[in-house]
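Enquirer: Sharing run.pdb (PDB, C-alpha atoms and all ligand atoms) below.
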```pdb
ATOM      1  CA  MET A  20      58.919 -23.475   9.878
ATOM      2  CA  PHE A  21      58.734 -20.169   7.991
ATOM      3  CA  PRO A  22      58.020 -20.322   4.257
ATOM      4  CA  VAL A  23      61.071 -19.789   1.981
ATOM      5  CA  PHE A  24      61.099 -17.355  -0.942
ATOM      6  CA  LYS A  25      63.670 -15.897  -3.324
ATOM      7  CA  CYS A  26      64.258 -12.123  -3.101
ATOM      8  CA  ILE A  27      63.688 -10.528  -6.531
ATOM      9  CA  VAL A  28      66.299  -7.781  -5.764
ATOM     10  CA  CYS A  29      69.306  -9.711  -4.432
ATOM     11  CA  THR A  30      68.126 -13.201  -5.580
ATOM     12  CA  GLU A  31      69.094 -14.618  -2.183
ATOM     13  CA  THR A  32      66.849 -17.181  -0.631
ATOM     14  CA  LYS A  33      65.177 -15.782   2.457
ATOM     15  CA  ARG A  34      62.807 -16.987   5.052
ATOM     16  CA  LEU A  35      59.515 -15.191   5.334
ATOM     17  CA  ARG A  36      58.779 -14.065   8.859
ATOM     18  CA  PHE A  37      55.344 -13.219  10.030
ATOM     19  CA  PRO A  38      54.735 -10.602  12.704
ATOM     20  CA  PRO A  39      53.927 -12.088  16.098
ATOM     21  CA  ALA A  40      50.222 -12.658  16.503
ATOM     22  CA  ALA A  41      48.543  -9.635  18.056
ATOM     23  CA  GLY A  42      46.441 -10.371  21.096
ATOM     24  CA  SER A  43      42.771 -10.199  20.297
ATOM     25  CA  ARG A  44      41.062  -7.448  22.215
ATOM     26  CA  GLY A  45      37.594  -8.054  20.857
ATOM     27  CA  ARG A  46      35.525  -5.744  18.756
ATOM     28  CA  PRO A  47      35.942  -2.002  19.289
ATOM     29  CA  LYS A  48      33.017  -0.758  21.308
ATOM     30  CA  LEU A  49      30.937   1.994  19.786
ATOM     31  CA  THR A  50      29.641   4.659  22.101
ATOM     32  CA  THR A  51      26.716   5.434  19.814
ATOM     33  CA  LYS A  52      25.014   3.004  17.527
ATOM     34  CA  LYS A  53      26.026   3.796  13.966
ATOM     35  CA  THR A  54      25.591   1.980  10.705
ATOM     36  CA  ALA A  55      28.524   0.976   8.483
ATOM     37  CA  THR A  56      28.188   4.275   6.612
ATOM     38  CA  GLU A  57      28.473   6.223   9.895
ATOM     39  CA  LEU A  58      24.862   7.342   9.713
ATOM     40  CA  PRO A  59      22.852   7.140  12.902
ATOM     41  CA  ARG A  60      20.786   3.995  13.025
ATOM     42  CA  ARG A  61      17.202   4.662  12.019
ATOM     43  CA  ARG A  62      14.346   3.151  13.870
ATOM     44  CA  ASN A  63      12.924   0.322  11.824
ATOM     45  CA  ARG A  64       9.521   1.334  10.524
ATOM     46  CA  ARG A  65       8.296  -2.214  10.854
ATOM     47  CA  CYS A  66       9.008  -2.211  14.602
ATOM     48  CA  VAL A  67       5.899  -0.193  15.274
ATOM     49  CA  SER A  68       3.060  -1.812  17.142
ATOM     50  CA  PHE A  69       0.230  -3.075  14.957
ATOM     51  CA  ASP A  70      -2.104  -0.551  16.599
ATOM     52  CA  ASN A  71       0.143   2.322  15.530
ATOM     53  CA  LYS A  72       0.379   1.294  11.883
ATOM     54  CA  ASP A  73      -1.806   2.955   9.295
ATOM     55  CA  SER A  74      -4.214   0.796   7.300
ATOM     56  CA  LYS A  75      -1.793   0.454   4.371
ATOM     57  CA  GLU A  76       0.943  -0.914   6.635
ATOM     58  CA  ARG A  77      -1.526  -3.186   8.406
ATOM     59  CA  CYS A  78      -2.599  -4.692   5.077
ATOM     60  CA  HIS A  79       1.007  -5.166   4.053
ATOM     61  CA  VAL A  80       1.939  -6.958   7.288
ATOM     62  CA  ILE A  81      -1.005  -9.333   6.915
ATOM     63  CA  LEU A  82      -0.502  -9.909   3.178
ATOM     64  CA  GLN A  83       3.189 -10.703   3.786
ATOM     65  CA  ARG A  84       2.077 -13.571   5.993
ATOM     66  CA  LEU A  85      -0.970 -14.575   3.984
ATOM     67  CA  VAL A  86       0.319 -14.914   0.421
ATOM     68  CA  VAL A  87       2.667 -17.524  -0.962
ATOM     69  CA  GLY A  88       4.154 -17.633  -4.461
ATOM     70  CA  VAL A  89       3.657 -13.896  -4.992
ATOM     71  CA  ARG A  90       5.288 -10.930  -3.319
ATOM     72  CA  ALA A  91       3.068  -8.966  -0.933
ATOM     73  CA  GLU A  92       4.533  -5.798  -2.504
ATOM     74  CA  ASP A  93       3.067  -6.798  -5.876
ATOM     75  CA  VAL A  94      -0.458  -7.246  -4.538
ATOM     76  CA  SER A  95      -2.693  -4.211  -5.017
ATOM     77  CA  ALA A  96      -6.299  -3.326  -5.698
ATOM     78  CA  ASN A  97      -5.386  -3.368  -9.411
ATOM     79  CA  ASN A  98      -3.633  -6.704  -9.038
ATOM     80  CA  PRO A  99      -5.692  -8.647  -6.467
ATOM     81  CA  VAL A 100      -4.438 -12.032  -5.328
ATOM     82  CA  ASP A 101      -6.183 -15.280  -6.217
ATOM     83  CA  SER A 102      -7.113 -17.892  -3.590
ATOM     84  CA  ARG A 103      -4.460 -20.360  -4.788
ATOM     85  CA  TYR A 104      -1.808 -17.952  -3.473
ATOM     86  CA  LEU A 105      -3.292 -17.752   0.017
ATOM     87  CA  LYS A 106      -2.161 -19.713   3.067
ATOM     88  CA  LEU A 107      -5.536 -20.760   4.386
ATOM     89  CA  GLN A 108      -4.616 -23.826   6.456
ATOM     90  CA  PRO A 109      -5.712 -23.364  10.094
ATOM     91  CA  ASN A 110      -2.099 -23.477  11.335
ATOM     92  CA  GLU A 111      -0.868 -21.074   8.661
ATOM     93  CA  LEU A 112      -3.425 -18.270   8.833
ATOM     94  CA  PRO A 113      -1.746 -15.119  10.158
ATOM     95  CA  ALA A 114      -2.875 -14.502  13.724
ATOM     96  CA  ALA A 115      -3.702 -10.885  12.833
ATOM     97  CA  VAL A 116      -6.750 -11.930  10.770
ATOM     98  CA  LEU A 117      -8.142 -13.643  13.867
ATOM     99  CA  HIS A 118      -7.511 -10.743  16.204
ATOM    100  CA  GLU A 119     -10.701  -9.166  17.523
ATOM    101  CA  ASN A 120      -9.331  -5.628  17.067
ATOM    102  CA  VAL A 121      -8.275  -6.127  13.468
ATOM    103  CA  ASN A 122     -10.648  -5.152  10.697
ATOM    104  CA  VAL A 123     -10.208  -7.918   8.125
ATOM    105  CA  GLN A 124     -12.380  -5.976   5.657
ATOM    106  CA  LEU A 125      -9.263  -3.917   4.918
ATOM    107  CA  LEU A 126      -7.965  -6.871   2.907
ATOM    108  CA  GLN A 127     -10.980  -7.238   0.645
ATOM    109  CA  PRO A 128      -9.752  -4.874  -2.129
ATOM    110  CA  PHE A 129      -6.528  -6.889  -2.408
ATOM    111  CA  LEU A 130      -8.242 -10.227  -2.982
ATOM    112  CA  THR A 131     -10.287 -11.564  -5.877
ATOM    113  CA  PRO A 132     -13.955 -12.137  -4.898
ATOM    114  CA  HIS A 133     -13.305 -15.891  -4.697
ATOM    115  CA  ALA A 134     -10.166 -15.423  -2.588
ATOM    116  CA  TRP A 135     -12.040 -13.083  -0.253
ATOM    117  CA  GLN A 136     -14.791 -15.654   0.168
ATOM    118  CA  GLN A 137     -12.229 -18.418   0.840
ATOM    119  CA  LEU A 138     -10.442 -16.268   3.406
ATOM    120  CA  GLN A 139     -13.658 -15.476   5.254
ATOM    121  CA  GLN A 140     -14.516 -19.174   5.289
ATOM    122  CA  ALA A 141     -11.046 -20.093   6.596
ATOM    123  CA  ILE A 142     -11.342 -17.473   9.347
ATOM    124  CA  ALA A 143     -14.803 -18.708  10.322
ATOM    125  CA  GLU A 144     -13.553 -22.317  10.510
ATOM    126  CA  ARG A 145     -10.487 -21.318  12.444
ATOM    127  CA  GLN A 146     -12.581 -19.383  14.968
ATOM    128  CA  GLN A 147     -14.490 -22.585  15.781
ATOM    129  CA  SER A 148     -11.398 -24.065  17.399
ATOM    130  CA  ASP A 149      -9.497 -22.904  20.436
ATOM    131  CA  ASP A 150      -6.119 -23.797  18.990
ATOM    132  CA  TRP A 151      -3.378 -21.248  18.431
ATOM    133  CA  PHE A 152      -0.365 -22.027  16.344
ATOM    134  CA  CYS A 153       3.262 -20.985  16.391
ATOM    135  CA  ALA A 154       4.131 -18.893  13.331
ATOM    136  CA  SER A 155       7.566 -20.502  13.232
ATOM    137  CA  CYS A 156       6.996 -24.267  13.594
ATOM    138  CA  HIS A 157       3.223 -24.173  12.842
ATOM    139  CA  ASN A 158       2.560 -26.513  15.772
ATOM    140  CA  ASP A 159      -0.041 -25.867  18.437
ATOM    141  CA  LEU A 160       1.132 -23.390  21.078
ATOM    142  CA  GLY A 161      -0.348 -25.774  23.625
ATOM    143  CA  THR A 162       0.679 -25.085  27.180
ATOM    144  CA  GLN A 163       4.221 -24.011  26.261
ATOM    145  CA  HIS A 164       5.348 -20.456  26.951
ATOM    146  CA  SER A 165       4.637 -18.301  23.935
ATOM    147  CA  VAL A 166       5.036 -14.685  22.914
ATOM    148  CA  GLU A 167       3.138 -12.356  20.587
ATOM    149  CA  CYS A 168       4.944 -10.027  18.170
ATOM    150  CA  THR A 169       3.816  -6.453  18.859
ATOM    151  CA  SER A 170       4.180  -5.540  15.188
ATOM    152  CA  CYS A 171       2.551  -8.424  13.284
ATOM    153  CA  LEU A 172       0.525 -10.093  16.084
ATOM    154  CA  ASP A 173       1.947 -13.533  15.228
ATOM    155  CA  TRP A 174       2.531 -15.935  18.131
ATOM    156  CA  PHE A 175       5.672 -17.979  18.708
ATOM    157  CA  HIS A 176       6.878 -20.630  21.146
ATOM    158  CA  TYR A 177       9.649 -19.221  23.345
ATOM    159  CA  GLY A 178      11.882 -22.058  22.163
ATOM    160  CA  CYS A 179      11.225 -21.300  18.481
ATOM    161  CA  VAL A 180      12.509 -17.710  18.857
ATOM    162  CA  GLY A 181      15.291 -18.422  21.361
ATOM    163  CA  LEU A 182      13.610 -16.822  24.367
ATOM    164  CA  LYS A 183      14.441 -18.306  27.740
ATOM    165  CA  ARG A 184      12.867 -15.981  30.252
ATOM    166  CA  LYS A 185       9.519 -14.245  30.435
ATOM    167  CA  ARG A 186       9.543 -10.895  28.687
ATOM    168  CA  LYS A 187       7.912  -7.654  29.713
ATOM    169  CA  GLY A 188       6.701  -5.096  27.217
ATOM    170  CA  ASP A 189       6.979  -5.108  23.446
ATOM    171  CA  TRP A 190       8.641  -7.924  21.572
ATOM    172  CA  PHE A 191       9.281  -8.043  17.815
ATOM    173  CA  CYS A 192       9.745 -11.200  15.757
ATOM    174  CA  CYS A 193      12.724 -11.655  13.431
ATOM    175  CA  VAL A 194      10.549 -10.961  10.353
ATOM    176  CA  CYS A 195       9.558  -7.565  11.752
ATOM    177  CA  VAL A 196      12.971  -6.558  13.090
TER
HETATM  178 ZN    ZN B 201       7.051 -23.160  17.527
HETATM  179 ZN    ZN B 202       6.396  -9.803  13.816
END
```
What would you get if you wrote out this structure as structure tokens?

Expert:
Amino acid sequence: MFPVFKCIVCTETKRLRFPPAAGSRGRPKLTTKKTATELPRRRNRRCVSFDNKDSKERCHVILQRLVVGVRAEDVSANNPVDSRYLKLQPNELPAAVLHENVNVQLLQPFLTPHAWQQLQQAIAERQQSDDWFCASCHNDLGTQHSVECTSCLDWFHYGCVGLKRKRKGDWFCCVCV
């Protein structure tokens, strides 16, 4: 049944007809990747390997994963973060602070002396164990397939990031993309 309405010009009662449904042809395919404002898509600065970041970006990536209750953007040498805002549990420590090629000293100016001491202690304790944890579910990586983010060096279970097959080359986590 079509809905009924009264014409405001001739006052006759008419039936409203809808156009026949147009067949869906899917989304138009773009030949080049453009943003909604038609500007070419820019490469995401965060999708740069950890090795290729400068020390400021490295600190930011680690602080983003290390602090809770404060924004990493607000942490600076003038506003160092206190230990109560750090995630120091073994399964929460960002993998980057445990990486042999990462100079953790870079973080010292951004932490209060007590927080710096607590972080060093947490790293030392964490290094005693052989466990590695998924940055998504915080469970042990165990023997399950896992993948490292090229940008932040965090590790994830394949299942936790929706990966099914083994990947070659760089992979970036959803936080970094
Ligand atoms: Zn997981
Ligand atoms: Zn990442």

Enquirer: Quick one: residues within 8 Å of ligand ZN 201 (chain B), with all atoms listed in the file, as a list in words?

Expert: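 Listed by chain and ascending number, the contacts are Phe152, Cys153, Ala154, Ser155, Cys156, His157, Asn158, Asp159, Leu160, Phe175, His176, Tyr177, Gly178, Cys179 and Val180 of chain A.
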
Enquirer: Got time to write the residues from that selection, C-alpha atoms, as a PDB file, in the coordinates of the input?

Expert:
```pdb
ATOM      1  CA  PHE A 152      -0.365 -22.027  16.344  1.00  0.00           C
ATOM      2  CA  CYS A 153       3.262 -20.985  16.391  1.00  0.00           C
ATOM      3  CA  ALA A 154       4.131 -18.893  13.331  1.00  0.00           C
ATOM      4  CA  SER A 155       7.566 -20.502  13.232  1.00  0.00           C
ATOM      5  CA  CYS A 156       6.996 -24.267  13.594  1.00  0.00           C
ATOM      6  CA  HIS A 157       3.223 -24.173  12.842  1.00  0.00           C
ATOM      7  CA  ASN A 158       2.560 -26.513  15.772  1.00  0.00           C
ATOM      8  CA  ASP A 159      -0.041 -25.867  18.437  1.00  0.00           C
ATOM      9  CA  LEU A 160       1.132 -23.390  21.078  1.00  0.00           C
ATOM     10  CA  PHE A 175       5.672 -17.979  18.708  1.00  0.00           C
ATOM     11  CA  HIS A 176       6.878 -20.630  21.146  1.00  0.00           C
ATOM     12  CA  TYR A 177       9.649 -19.221  23.345  1.00  0.00           C
ATOM     13  CA  GLY A 178      11.882 -22.058  22.163  1.00  0.00           C
ATOM     14  CA  CYS A 179      11.225 -21.300  18.481  1.00  0.00           C
ATOM     15  CA  VAL A 180      12.509 -17.710  18.857  1.00  0.00           C
TER      16      VAL A 180
END
```

Enquirer: Taking the file above as input, evaluate the PyMOL selection byres (((not hetatm)) within 8 of (chain B and resi 202)) and report the hits as a JSON list (two decimals) with C-alpha atoms, in the coordinates of the input.

Expert:
```json
[["chain", "number", "residue", "atom", "x", "y", "z"],
["A", 167, "GLU", "CA", 3.14, -12.36, 20.59],
["A", 168, "CYS", "CA", 4.94, -10.03, 18.17],
["A", 169, "THR", "CA", 3.82, -6.45, 18.86],
["A", 170, "SER", "CA", 4.18, -5.54, 15.19],
["A", 171, "CYS", "CA", 2.55, -8.42, 13.28],
["A", 172, "LEU", "CA", 0.52, -10.09, 16.08],
["A", 173, "ASP", "CA", 1.95, -13.53, 15.23],
["A", 191, "PHE", "CA", 9.28, -8.04, 17.82],
["A", 192, "CYS", "CA", 9.74, -11.20, 15.76],
["A", 193, "CYS", "CA", 12.72, -11.66, 13.43],
["A", 194, "VAL", "CA", 10.55, -10.96, 10.35],
["A", 195, "CYS", "CA", 9.56, -7.56, 11.75],
["A", 196, "VAL", "CA", 12.97, -6.56, 13.09]]
```

Enquirer: Which one of A:Arg84, A:His133, A:Arg103, A:Lys72 sits closest to Ala115 of chain A if you count all atoms listed in the file?

Expert: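 Among A:Arg84, A:His133, A:Arg103, A:Lys72, it is A:Arg84 that comes nearest to Ala115 of chain A.
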
Enquirer: From the options A:Val166, A:Cys78, A:Leu117, A:Ala143, which residue's atoms come nearest to Leu130 of chain A, counting all atoms listed in the file?

Expert: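 Smallest separation from Leu130 of chain A among the options: A:Cys78.
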
Enquirer: List the spatial neighbours of Gln83 of chain A as a list in words - criterion: any atom at most 12 Å away, only C-alpha atoms, same-chain residues fewer than 6 positions off excluded.

Expert: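 Selected residues are Glu76, Arg77, Val89, Arg90, Ala91, Glu92, Asp93, Val94, Val100, Tyr104, Leu105, Lys106, Leu112, Pro113, Ala115, Leu126, Cys171, Asp173, Val194 and Cys195 of chain A.
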
Enquirer: Let me make sure I understand: among A:Ala134, A:Leu182, A:Ala114, A:Leu125, which one has the smallest atom-to-atom distance to Trp151 of chain A if we use all atoms listed in the file?

Expert: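 So, comparing all the options, the nearest one is A:Ala114.
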